[in-house]
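Asker: Quick one, run-v2.cif (mmCIF, C-alpha atoms and all ligand atoms):
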data_upload
loop_
_atom_site.label_atom_id
_atom_site.label_comp_id
_atom_site.auth_asym_id
_atom_site.auth_seq_id
_atom_site.Cartn_x
_atom_site.Cartn_y
_atom_site.Cartn_z
CA MET A 1 26.43 -10.35 11.88
CA ASN A 2 24.08 -10.26 14.86
CA THR A 3 21.62 -7.41 14.48
CA PHE A 4 19.66 -5.85 11.63
CA LEU A 5 17.57 -2.75 10.99
CA ILE A 6 15.12 -2.38 8.09
CA ARG A 7 13.88 0.93 6.69
CA THR A 8 10.85 0.60 4.42
CA PHE A 9 9.53 3.11 1.91
CA GLY A 10 6.47 2.98 -0.30
CA CYS A 11 3.62 0.58 -0.77
CA GLN A 12 2.13 -2.34 1.13
CA MET A 13 3.95 -4.80 -1.12
CA ASN A 14 7.22 -3.36 0.17
CA LYS A 15 5.98 -3.65 3.75
CA HIS A 16 5.18 -7.28 3.10
CA ASP A 17 8.62 -7.87 1.55
CA SER A 18 10.22 -6.18 4.58
CA GLU A 19 8.45 -8.60 6.92
CA ARG A 20 9.93 -11.43 4.85
CA VAL A 21 13.41 -9.88 4.99
CA ALA A 22 13.05 -9.65 8.76
CA GLY A 23 11.93 -13.29 8.91
CA LEU A 24 14.86 -14.43 6.77
CA LEU A 25 17.45 -12.54 8.80
CA ARG A 26 15.97 -13.82 12.05
CA ALA A 27 16.04 -17.36 10.65
CA ALA A 28 19.73 -16.73 9.93
CA GLY A 29 20.23 -16.12 13.68
CA MET A 30 20.04 -12.33 13.78
CA SER A 31 17.84 -10.07 15.91
CA SER A 32 16.33 -6.70 15.06
CA THR A 33 17.23 -3.29 16.44
CA ASP A 34 15.87 0.17 15.75
CA ARG A 35 19.20 1.91 16.48
CA PRO A 36 21.45 2.36 13.44
CA HIS A 37 24.63 2.46 15.52
CA GLU A 38 23.82 -0.99 16.98
CA ALA A 39 23.00 -2.62 13.63
CA ASP A 40 25.40 -4.96 11.82
CA VAL A 41 23.16 -4.87 8.75
CA ILE A 42 20.94 -1.99 7.53
CA VAL A 43 18.46 -2.82 4.77
CA PHE A 44 16.61 -0.18 2.74
CA MET A 45 13.44 -1.44 1.02
CA THR A 46 12.94 1.29 -1.57
CA CYS A 47 10.14 2.67 -3.71
CA CYS A 48 10.50 4.66 -6.93
CA VAL A 49 6.83 5.56 -7.38
CA ARG A 50 6.79 8.72 -5.31
CA GLU A 51 8.57 11.97 -6.04
CA ASN A 52 12.03 12.48 -4.55
CA ALA A 53 12.31 8.80 -3.58
CA ASP A 54 15.81 8.61 -5.01
CA ASP A 55 16.93 11.76 -3.19
CA ARG A 56 15.50 10.47 0.07
CA LEU A 57 17.27 7.14 -0.29
CA ILE A 58 20.60 8.72 -1.19
CA GLY A 59 20.19 11.17 1.73
CA GLN A 60 19.44 8.38 4.19
CA VAL A 61 22.33 6.21 3.06
CA ALA A 62 24.66 9.23 3.06
CA SER A 63 23.58 10.03 6.62
CA LEU A 64 25.14 6.73 7.68
CA LYS A 65 28.54 7.94 6.55
CA ALA A 66 29.68 8.51 10.15
CA LEU A 67 28.86 4.88 10.95
CA LYS A 68 30.31 3.59 7.71
CA PRO A 69 33.14 5.72 6.37
CA ARG A 70 34.15 3.07 3.81
CA ARG A 71 33.40 -0.47 2.66
CA GLY A 72 34.63 -3.00 5.20
CA ALA A 73 33.97 -0.68 8.17
CA GLY A 74 30.68 -0.33 10.10
CA PRO A 75 27.40 -2.03 9.20
CA LEU A 76 26.69 -3.75 5.89
CA ILE A 77 24.25 -1.64 3.87
CA ALA A 78 21.82 -3.36 1.50
CA VAL A 79 19.40 -1.64 -0.89
CA GLY A 80 16.44 -3.61 -2.25
CA GLY A 81 12.94 -2.97 -3.59
CA CYS A 82 12.05 -0.97 -6.68
CA ILE A 83 15.05 1.38 -6.82
CA GLY A 84 17.40 -1.58 -6.40
CA GLN A 85 15.59 -3.38 -9.25
CA ARG A 86 15.59 -0.32 -11.50
CA ASP A 87 19.14 0.96 -10.93
CA GLY A 88 21.18 -2.15 -10.00
CA GLU A 89 24.90 -1.49 -10.31
CA ARG A 90 24.35 2.24 -11.05
CA LEU A 91 23.50 2.76 -7.37
CA LEU A 92 27.13 2.07 -6.50
CA ASP A 93 28.20 5.08 -8.62
CA GLN A 94 26.01 7.32 -6.49
CA VAL A 95 26.69 5.73 -3.10
CA PRO A 96 29.91 3.70 -3.22
CA HIS A 97 29.63 2.37 0.35
CA ILE A 98 26.52 0.27 -0.38
CA ASP A 99 27.46 -3.41 0.09
CA VAL A 100 24.48 -5.23 -1.47
CA VAL A 101 22.00 -4.25 -4.18
CA PHE A 102 19.12 -6.66 -4.72
CA GLY A 103 15.80 -6.36 -6.51
CA THR A 104 12.13 -7.20 -6.26
CA HIS A 105 12.57 -10.77 -7.52
CA ASN A 106 15.30 -12.12 -5.23
CA VAL A 107 14.42 -11.18 -1.64
CA SER A 108 15.22 -14.76 -0.60
CA HIS A 109 18.84 -14.37 -1.73
CA LEU A 110 19.57 -11.49 0.65
CA PRO A 111 21.22 -13.53 3.47
CA ALA A 112 23.59 -15.17 0.96
CA LEU A 113 24.41 -11.83 -0.67
CA LEU A 114 25.16 -10.27 2.74
CA GLU A 115 27.38 -13.19 3.66
CA ALA A 116 29.27 -12.91 0.36
CA ALA A 117 29.71 -9.13 0.86
CA ARG A 118 31.09 -9.74 4.33
CA ALA A 119 33.37 -12.62 3.40
CA GLN A 120 34.71 -11.10 0.16
CA GLY A 121 34.73 -7.46 1.27
CA SER A 122 33.26 -6.42 -2.09
CA ALA A 123 29.87 -5.12 -3.23
CA GLN A 124 27.35 -7.73 -4.36
CA VAL A 125 24.76 -6.78 -6.98
CA GLU A 126 22.12 -9.27 -8.07
CA ILE A 127 19.08 -8.22 -10.12
CA LEU A 128 16.86 -10.89 -11.67
CA ALA A 129 14.56 -10.22 -14.63
CA GLU A 130 11.73 -12.19 -13.06
CA SER A 131 11.01 -14.34 -10.03
CA THR A 132 9.88 -17.89 -9.80
CA ASP A 133 8.60 -17.76 -6.21
CA PHE A 134 6.32 -15.61 -4.10
CA THR A 135 7.94 -14.13 -1.04
CA SER A 136 5.09 -15.58 1.02
CA ASP A 137 6.95 -18.87 0.91
CA LEU A 138 9.65 -17.27 3.07
CA PRO A 139 9.63 -16.99 6.87
CA ALA A 140 8.03 -13.75 8.11
CA GLU A 141 8.40 -11.52 11.10
CA ARG A 142 5.03 -9.77 11.13
CA GLU A 143 4.79 -6.25 12.51
CA HIS A 144 1.53 -7.16 14.30
CA SER A 145 0.57 -10.67 15.37
CA TRP A 146 -3.08 -10.07 14.42
CA HIS A 147 -2.47 -8.75 10.88
CA ALA A 148 -0.89 -10.33 7.81
CA TRP A 149 -0.26 -9.29 4.21
CA VAL A 150 -0.97 -12.02 1.68
CA PRO A 151 0.13 -11.32 -1.91
CA ILE A 152 -2.17 -12.88 -4.49
CA THR A 153 -0.47 -11.40 -7.55
CA VAL A 154 2.83 -9.72 -8.27
CA GLY A 155 3.64 -7.41 -11.17
CA CYS A 156 1.27 -5.54 -13.43
CA ASP A 157 0.18 -5.76 -17.07
CA ASN A 158 -1.52 -2.40 -17.32
CA PHE A 159 1.23 0.03 -18.25
CA CYS A 160 -0.48 3.21 -17.13
CA THR A 161 1.62 5.84 -18.85
CA TYR A 162 2.77 7.56 -15.65
CA CYS A 163 3.69 4.43 -13.70
CA ILE A 164 7.04 2.72 -13.24
CA VAL A 165 5.66 -0.39 -11.51
CA PRO A 166 5.38 -2.75 -14.53
CA HIS A 167 8.99 -1.86 -15.34
CA VAL A 168 10.31 -2.79 -11.88
CA ARG A 169 7.87 -5.48 -10.69
CA GLY A 170 7.44 -7.25 -14.05
CA ARG A 171 4.36 -8.75 -15.70
CA GLU A 172 1.40 -9.89 -13.60
CA ARG A 173 1.62 -13.36 -12.07
CA SER A 174 -1.04 -14.92 -9.86
CA ARG A 175 -0.57 -17.40 -7.05
CA PRO A 176 -2.65 -20.57 -7.26
CA LEU A 177 -5.90 -20.16 -5.33
CA GLU A 178 -5.30 -23.21 -3.13
CA GLU A 179 -1.92 -21.79 -2.06
CA ILE A 180 -3.53 -18.49 -1.01
CA VAL A 181 -6.27 -20.27 0.93
CA ALA A 182 -3.77 -22.58 2.64
CA GLU A 183 -1.69 -19.59 3.72
CA ALA A 184 -4.79 -17.76 4.99
CA ALA A 185 -5.94 -20.84 6.96
CA GLY A 186 -2.49 -21.14 8.54
CA LEU A 187 -2.54 -17.48 9.52
CA VAL A 188 -5.98 -17.82 11.11
CA SER A 189 -4.83 -20.76 13.21
CA ASP A 190 -1.86 -18.57 14.16
CA GLY A 191 -4.24 -15.97 15.64
CA VAL A 192 -4.39 -13.53 12.72
CA LEU A 193 -7.65 -11.51 12.73
CA GLU A 194 -7.14 -9.42 9.63
CA ILE A 195 -5.66 -10.34 6.26
CA THR A 196 -4.87 -7.80 3.56
CA LEU A 197 -4.73 -9.37 0.10
CA LEU A 198 -2.15 -7.64 -2.06
CA GLY A 199 -1.67 -7.13 -5.77
CA GLN A 200 -1.09 -4.18 -8.12
CA ASN A 201 -4.51 -5.03 -9.56
CA VAL A 202 -6.26 -7.67 -7.46
CA ASN A 203 -9.32 -7.58 -9.73
CA SER A 204 -7.48 -9.29 -12.58
CA TYR A 205 -6.28 -12.06 -10.24
CA GLY A 206 -6.14 -15.44 -11.98
CA ARG A 207 -6.35 -14.25 -15.61
CA ASP A 208 -2.85 -15.61 -16.31
CA LEU A 209 -3.52 -18.91 -14.49
CA TYR A 210 -7.15 -19.68 -15.25
CA GLY A 211 -7.97 -17.63 -18.36
CA THR A 212 -10.54 -15.49 -16.51
CA PRO A 213 -10.23 -13.35 -13.37
CA ARG A 214 -11.26 -15.14 -10.18
CA PHE A 215 -10.85 -12.48 -7.51
CA ALA A 216 -14.43 -12.86 -6.26
CA GLU A 217 -13.62 -16.51 -5.58
CA VAL A 218 -10.47 -15.54 -3.66
CA LEU A 219 -12.55 -13.33 -1.36
CA HIS A 220 -15.10 -16.07 -0.87
CA GLU A 221 -12.55 -18.80 -0.19
CA VAL A 222 -10.39 -16.69 2.13
CA ALA A 223 -13.53 -15.75 4.10
CA SER A 224 -14.29 -19.47 4.49
CA THR A 225 -11.10 -19.86 6.57
CA GLY A 226 -12.86 -17.99 9.38
CA VAL A 227 -10.67 -14.88 9.28
CA GLN A 228 -12.55 -11.97 10.82
CA ARG A 229 -11.48 -9.17 8.52
CA ILE A 230 -10.39 -9.17 4.90
CA ARG A 231 -9.05 -6.11 3.14
CA PHE A 232 -7.44 -5.84 -0.27
CA ALA A 233 -5.50 -3.44 -2.45
CA THR A 234 -5.44 -2.30 -5.18
CA SER A 235 -8.53 -2.44 -7.40
CA HIS A 236 -8.32 -1.25 -11.00
CA PRO A 237 -11.73 0.19 -12.01
CA LYS A 238 -11.60 -1.44 -15.45
CA ASP A 239 -11.57 -4.91 -13.85
CA LEU A 240 -13.92 -4.46 -10.87
CA SER A 241 -16.70 -6.97 -11.61
CA ASN A 242 -20.31 -7.17 -10.44
CA GLU A 243 -19.45 -10.55 -9.01
CA THR A 244 -16.74 -9.00 -6.81
CA ILE A 245 -19.13 -6.26 -5.67
CA SER A 246 -21.69 -8.96 -4.76
CA VAL A 247 -19.19 -11.02 -2.77
CA MET A 248 -18.07 -7.87 -0.95
CA ALA A 249 -21.67 -7.04 -0.08
CA GLU A 250 -22.63 -10.56 0.97
CA THR A 251 -19.53 -11.61 2.93
CA PRO A 252 -19.36 -10.13 6.44
CA ALA A 253 -15.62 -10.73 6.72
CA VAL A 254 -14.90 -8.55 3.67
CA MET A 255 -14.65 -5.06 5.12
CA PRO A 256 -16.86 -2.31 3.67
CA TYR A 257 -13.90 -0.33 2.39
CA LEU A 258 -12.60 0.02 -1.12
CA HIS A 259 -9.59 1.82 -2.55
CA LEU A 260 -10.56 2.48 -6.17
CA PRO A 261 -8.04 4.75 -7.90
CA MET A 262 -9.81 7.21 -10.18
CA GLN A 263 -6.70 9.21 -11.24
CA SER A 264 -8.74 11.74 -13.28
CA GLY A 265 -12.36 12.60 -14.05
CA SER A 266 -11.59 13.58 -17.64
CA ASP A 267 -12.01 10.93 -20.34
CA ARG A 268 -9.34 12.63 -22.44
CA ILE A 269 -6.80 12.45 -19.62
CA LEU A 270 -7.82 8.91 -18.64
CA ALA A 271 -7.11 7.87 -22.24
CA ALA A 272 -3.72 9.62 -22.14
CA MET A 273 -3.01 7.74 -18.90
CA ASN A 274 -3.95 4.44 -20.64
CA ARG A 275 -6.47 3.66 -17.90
CA HIS A 276 -9.10 1.95 -20.12
CA TYR A 277 -12.23 3.34 -18.43
CA THR A 278 -14.26 6.52 -18.61
CA ALA A 279 -15.44 8.85 -15.88
CA ASP A 280 -19.00 7.57 -16.42
CA HIS A 281 -17.84 3.99 -15.94
CA TYR A 282 -16.09 4.97 -12.72
CA LEU A 283 -19.26 6.63 -11.44
CA SER A 284 -21.41 3.66 -12.47
CA LEU A 285 -19.16 1.44 -10.33
CA VAL A 286 -19.44 3.86 -7.41
CA HIS A 287 -23.22 3.86 -7.81
CA ALA A 288 -23.35 0.03 -7.84
CA LEU A 289 -21.07 -0.14 -4.78
CA TYR A 290 -23.15 2.27 -2.70
CA GLU A 291 -26.36 0.58 -3.80
CA ARG A 292 -25.12 -2.77 -2.48
CA MET A 293 -23.15 -1.32 0.47
CA PRO A 294 -24.65 1.99 1.64
CA GLY A 295 -22.06 2.25 4.44
CA LEU A 296 -19.06 1.69 2.16
CA ALA A 297 -15.99 3.85 2.75
CA LEU A 298 -14.37 4.78 -0.55
CA SER A 299 -10.85 6.04 -1.10
CA THR A 300 -9.04 6.90 -4.28
CA ASP A 301 -5.87 8.22 -5.93
CA ILE A 302 -5.98 11.35 -8.08
CA ILE A 303 -3.19 12.90 -10.15
CA VAL A 304 -3.47 16.64 -10.76
CA GLY A 305 -1.64 18.43 -13.60
CA PHE A 306 -1.10 15.42 -15.88
CA PRO A 307 0.44 16.65 -19.18
CA GLY A 308 -2.25 18.30 -21.30
CA GLU A 309 -4.74 18.70 -18.43
CA THR A 310 -6.89 21.79 -19.11
CA ASP A 311 -9.09 23.74 -16.71
CA ASP A 312 -12.05 21.88 -18.17
CA ASP A 313 -10.40 18.47 -17.57
CA PHE A 314 -9.75 19.45 -13.99
CA GLU A 315 -13.36 20.61 -13.50
CA GLN A 316 -14.40 17.10 -14.64
CA THR A 317 -12.14 15.63 -11.95
CA LEU A 318 -13.77 17.81 -9.31
CA ARG A 319 -17.22 16.76 -10.56
CA VAL A 320 -16.43 13.03 -10.33
CA ALA A 321 -14.68 13.38 -6.96
CA GLU A 322 -17.71 15.21 -5.57
CA ALA A 323 -20.16 12.66 -6.95
CA ALA A 324 -18.11 9.75 -5.55
CA ARG A 325 -18.58 10.98 -1.94
CA LEU A 326 -15.00 10.09 -1.08
CA ASP A 327 -13.85 9.17 2.40
CA GLN A 328 -10.22 9.69 1.51
CA ALA A 329 -8.07 10.54 -1.49
CA PHE A 330 -4.36 10.28 -2.03
CA THR A 331 -3.77 13.31 -4.22
CA PHE A 332 -0.58 14.00 -6.16
CA ILE A 333 0.71 16.69 -8.46
CA PHE A 334 2.03 14.95 -11.58
CA SER A 335 5.76 14.44 -11.59
CA PRO A 336 7.48 12.55 -14.38
CA ARG A 337 9.08 9.15 -13.76
CA ALA A 338 12.06 8.54 -16.03
CA GLY A 339 11.38 5.65 -18.39
CA THR A 340 7.60 6.10 -18.51
CA PRO A 341 5.72 7.46 -21.58
CA ALA A 342 4.19 10.33 -19.57
CA ALA A 343 7.66 11.66 -18.75
CA THR A 344 7.98 13.05 -22.29
CA MET A 345 4.33 14.06 -22.83
CA GLU A 346 3.49 17.68 -23.61
CA PRO A 347 2.30 20.23 -22.78
CA ARG A 348 3.37 20.24 -19.16
CA VAL A 349 1.04 22.03 -16.75
CA PRO A 350 2.79 24.97 -15.05
CA THR A 351 3.53 24.24 -11.39
CA SER A 352 1.56 27.24 -10.16
CA VAL A 353 -1.54 26.07 -12.06
CA ALA A 354 -1.17 22.48 -10.83
CA LYS A 355 -0.73 23.72 -7.27
CA ARG A 356 -3.93 25.84 -7.44
CA ARG A 357 -5.88 22.86 -8.80
CA PHE A 358 -4.38 20.60 -6.16
CA ASP A 359 -5.47 22.92 -3.34
CA ARG A 360 -9.04 23.02 -4.67
CA LEU A 361 -9.15 19.24 -4.88
CA VAL A 362 -7.77 18.78 -1.37
CA GLU A 363 -10.38 21.19 -0.04
CA LEU A 364 -13.15 19.19 -1.74
CA VAL A 365 -11.82 15.87 -0.42
CA GLN A 366 -11.55 17.22 3.13
CA ARG A 367 -15.15 18.43 3.00
CA SER A 368 -16.31 15.07 1.68
CA ALA A 369 -14.29 13.10 4.26
CA LEU A 370 -15.69 15.15 7.12
CA ALA A 371 -19.26 14.70 5.89
CA LYS A 372 -18.79 10.92 5.61
CA ASN A 373 -17.23 10.79 9.10
CA ARG A 374 -20.11 12.81 10.57
CA ASP A 375 -22.52 10.18 9.23
CA LEU A 376 -20.93 7.75 11.69
CA VAL A 377 -21.48 9.84 14.83
CA GLY A 378 -23.88 7.97 17.13
CA THR A 379 -23.23 4.58 15.49
CA VAL A 380 -21.51 1.64 17.14
CA GLN A 381 -18.43 0.38 15.30
CA PRO A 382 -16.42 -2.79 15.98
CA VAL A 383 -12.91 -1.35 16.22
CA LEU A 384 -9.75 -3.39 15.82
CA PHE A 385 -7.31 -1.72 18.20
CA THR A 386 -3.77 -1.37 16.96
CA GLY A 387 -2.09 0.32 19.95
CA VAL A 388 -1.88 3.79 21.40
CA SER A 389 -2.15 7.03 19.46
CA LYS A 390 1.15 8.39 18.13
CA ARG A 391 0.43 11.70 19.87
CA ASP A 392 -0.91 10.55 23.24
CA ALA A 393 -0.05 7.35 25.11
CA ALA A 394 -3.31 7.66 27.09
CA VAL A 395 -5.38 7.30 23.92
CA LEU A 396 -6.07 3.99 22.19
CA SER A 397 -6.05 3.89 18.41
CA GLY A 398 -7.84 1.47 16.12
CA ARG A 399 -9.67 1.02 12.82
CA THR A 400 -13.36 0.68 11.98
CA PRO A 401 -14.52 -1.79 9.32
CA GLY A 402 -14.42 1.20 6.93
CA ASN A 403 -10.72 1.62 7.80
CA LYS A 404 -11.23 4.89 9.67
CA VAL A 405 -8.92 5.75 12.53
CA VAL A 406 -10.73 5.87 15.89
CA HIS A 407 -9.34 7.31 19.10
CA VAL A 408 -10.64 6.22 22.50
CA VAL A 409 -9.38 7.31 25.91
CA LEU A 410 -7.65 4.38 27.62
CA PRO A 411 -9.77 3.35 30.64
CA GLN A 412 -8.15 4.16 33.99
CA GLY A 413 -6.02 1.35 35.31
CA SER A 414 -5.97 -0.41 31.92
CA ASP A 415 -2.96 -1.36 29.92
CA ALA A 416 -2.99 -0.48 26.19
CA LYS A 417 -1.42 -3.88 25.52
CA ASP A 418 -4.65 -5.55 26.65
CA TYR A 419 -6.50 -3.86 23.78
CA ALA A 420 -4.00 -4.15 20.95
CA GLY A 421 -5.15 -6.80 18.51
CA ARG A 422 -8.69 -7.01 19.92
CA ILE A 423 -11.97 -6.03 18.28
CA VAL A 424 -14.10 -4.00 20.67
CA ASP A 425 -17.40 -2.15 20.14
CA VAL A 426 -17.01 1.62 20.23
CA LYS A 427 -19.72 4.27 20.18
CA ILE A 428 -18.65 7.09 17.86
CA ASP A 429 -19.01 10.42 19.66
CA ALA A 430 -17.33 12.92 17.35
CA ALA A 431 -15.91 13.24 13.87
CA GLN A 432 -12.91 15.11 12.52
CA THR A 433 -11.72 15.12 8.93
CA TRP A 434 -9.24 12.27 9.30
CA PHE A 435 -10.31 10.50 12.50
CA LEU A 436 -13.19 9.67 14.80
CA SER A 437 -13.42 9.79 18.60
CA GLY A 438 -15.48 7.34 20.58
CA SER A 439 -16.12 5.54 23.85
CA LEU A 440 -15.70 1.86 24.65
CA LEU A 441 -18.91 -0.17 24.95
CA GLY A 442 -17.48 -3.57 25.74
CA THR A 443 -15.64 -6.51 24.30
CA ASN A 444 -16.97 -8.49 21.41
CA PRO A 445 -17.29 -12.21 22.08
S1 LIG B 1 -2.45 -0.52 -12.66
FE1 LIG B 1 -1.35 1.21 -13.57
S2 LIG B 1 -0.85 2.51 -11.78
FE2 LIG B 1 -1.35 0.47 -10.98
S3 LIG B 1 0.62 -0.60 -10.86
FE3 LIG B 1 -0.28 -1.13 -12.83
S4 LIG B 1 0.62 0.35 -14.26
FE4 LIG B 1 0.94 1.18 -12.18
#
Can you dump the structure from the file as structure tokens?
Answerer:
Amino acid sequence: MNTFLIRTFGCQMNKHDSERVAGLLRAAGMSSTDRPHEADVIVFMTCCVRENADDRLIGQVASLKALKPRRGAGPLIAVGGCIGQRDGERLLDQVPHIDVVFGTHNVSHLPALLEAARAQGSAQVEILAESTDFTSDLPAEREHSWHAWVPITVGCDNFCTYCIVPHVRGRERSRPLEEIVAEAAGLVSDGVLEITLLGQNVNSYGRDLYGTPRFAEVLHEVASTGVQRIRFATSHPKDLSNETISVMAETPAVMPYLHLPMQSGSDRILAAMNRHYTADHYLSLVHALYERMPGLALSTDIIVGFPGETDDDFEQTLRVAEAARLDQAFTFIFSPRAGTPAATMEPRVPTSVAKRRFDRLVELVQRSALAKNRDLVGTVQPVLFTGVSKRDAAVLSGRTPGNKVVHVVLPQGSDAKDYAGRIVDVKIDAAQTWFLSGSLLGTNP
């Protein structure tokens, strides 16, 4: 086994796990390829949160049939992540030519499972009920040298009625603070400029270890390592504390961007979702955030057409979304996840009604995003360049502190590689709904 290819679906936690899989396989002497026909091992890191995830996975694995007509021929195929954890052995009934199924708790065992599949010529399935280690302890092959994911918790204790995560990632477990800080310090000395702290609900970090949440302290301590940019995801509104808002406002390295999932603006629906906050509480948080950080960029998740959602409930969602002055929203039409309480809730909202509501919400979010982007025209933003635009190799692409995409024309005679991973001041010249355009002012010291 010499070469590997990893396909990743879903959330940032999966992206982080994929970097660890890449690090492990490289440590085992393999190198990566992006061509399926050259790969000896193809790993799918799966997600079961989004609609049609199963169909997409099955479709992708089936599309490899020409390369792998049967077990023992062609590349080894491994399926990990949330679908692996949820379905285990059942996956082999659907796609018999999978060689390895592993879960969310045993990423480190993948090389041994692959070796066993190869040596024995039989499928290997290993699903653990819970993990003892964080994957951060494993070697990593980071996608970008200047950015790193650092998990601070895994699992979730919240059991929102529509969500499968607690069932596939287990109960919430926090990493000791000193371990997180040591990892962050090591990354900084390795040249990392931006760290994204990860957890299903970062705001409850430490409750299991220390009795009370200590996320504000994590932000403070990680900032003390000298890292230039700190981001984090995801924040549950019920656990966002004043202390965390203060540390965000007072710590320059913590970026003025927050993803705060609202899900609905109706108290009745929020209760049915088991979210443990009200629309008024959500708006009071938003008010406190903007008061302390007037330039904050706010994004959210909203589910439309949750079972029982009436026109009036939806109007409440529009009202809260408008008042929150959103920069971005990930909007979804409710779709049931087998095994979750919401999957059997009634009455279901007809698809045509949900679709109409969804379109109205998207229109509101686009208007709000454009207005917030226009506020930035004429300002100077320190932009962390990530590479060239996907659409035009002559255009540099990067992110503002508020996580907005900025496009800048690559100066004549320059190489995009010279900008990737550098923070450079950019004057914002124009705003579109989902990106900004600007001109380079110089290089930050
Ligand atoms: S907080 Fe709710 S939506 Fe988020 S992972 Fe936990 S159960 Fe799922």
Asker: At what distance in Å, to one decimal, does atom CA of Ala216 of chain A lie from atom CA of Val247 of chain A?
Answerer: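 Separating atom CA of Val247 of chain A from atom CA of Ala216 of chain A is a distance of 6.2 Å.
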Asker: What's the separation between atom CA of Val49 of chain A and atom CA of Leu260 of chain A, in Å to one decimal place?
Answerer: 17.7 Å
Asker: Report, in Å with one decimal, the straight-line distance from atom CA of Lys404 of chain A to atom CA of Asn203 of chain A.
Answerer: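 It comes out at 23.1 Å.
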Asker: If I put a ball of radius 10 Å at (7.0, 7.5, -19.8) in the file's coordinates, which residues poke into it when counting all atoms listed in the file, written as a list in words?
Answerer: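 Those residues, ordered by chain and then number, are Phe159, Cys160, Thr161, Tyr162, Cys163, Ile164, Pro336, Arg337, Ala338, Gly339, Thr340, Pro341, Ala342, Ala343, Thr344 and Met345 of chain A.
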Asker: Next, dump the selected residues to file, keeping only C-alpha atoms, as a PDB file, keeping the file's coordinate frame.
Answerer:
ATOM      1  CA  PHE A 159       1.230   0.030 -18.250  1.00  0.00           C
ATOM      2  CA  CYS A 160      -0.480   3.210 -17.130  1.00  0.00           C
ATOM      3  CA  THR A 161       1.620   5.840 -18.850  1.00  0.00           C
ATOM      4  CA  TYR A 162       2.770   7.560 -15.650  1.00  0.00           C
ATOM      5  CA  CYS A 163       3.690   4.430 -13.700  1.00  0.00           C
ATOM      6  CA  ILE A 164       7.040   2.720 -13.240  1.00  0.00           C
ATOM      7  CA  PRO A 336       7.480  12.550 -14.380  1.00  0.00           C
ATOM      8  CA  ARG A 337       9.080   9.150 -13.760  1.00  0.00           C
ATOM      9  CA  ALA A 338      12.060   8.540 -16.030  1.00  0.00           C
ATOM     10  CA  GLY A 339      11.380   5.650 -18.390  1.00  0.00           C
ATOM     11  CA  THR A 340       7.600   6.100 -18.510  1.00  0.00           C
ATOM     12  CA  PRO A 341       5.720   7.460 -21.580  1.00  0.00           C
ATOM     13  CA  ALA A 342       4.190  10.330 -19.570  1.00  0.00           C
ATOM     14  CA  ALA A 343       7.660  11.660 -18.750  1.00  0.00           C
ATOM     15  CA  THR A 344       7.980  13.050 -22.290  1.00  0.00           C
ATOM     16  CA  MET A 345       4.330  14.060 -22.830  1.00  0.00           C
TER      17      MET A 345
END
Asker: Take every atom of ligand LIG 1 (chain B) listed in the file, pad by 8 Å on each side, and give me the axis-aligned box centre and edge lengths in Å, one decimal, as AutoDock Vina command-line options.
Answerer:
--center_x -0.8 --center_y 0.7 --center_z -12.6 --size_x 19.4 --size_y 19.6 --size_z 19.4
Asker: 9 Å from ligand LIG 1 (chain B) is the threshold here; counting only C-alpha atoms and all ligand atoms, which polymer residues fall inside it? Answer as a list in words.
Answerer: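 Listing the residues within 9 Å of ligand LIG 1 (chain B) gives Val49, Gly155, Cys156, Asp157, Asn158, Phe159, Cys160, Thr161, Tyr162, Cys163, Ile164, Val165, Pro166, His167, Arg169, Glu172, Gly199, Gln200, Asn201, Thr234, Ser235, His236, Pro261, Gln263, Met273, Asn274 and Arg275 of chain A.
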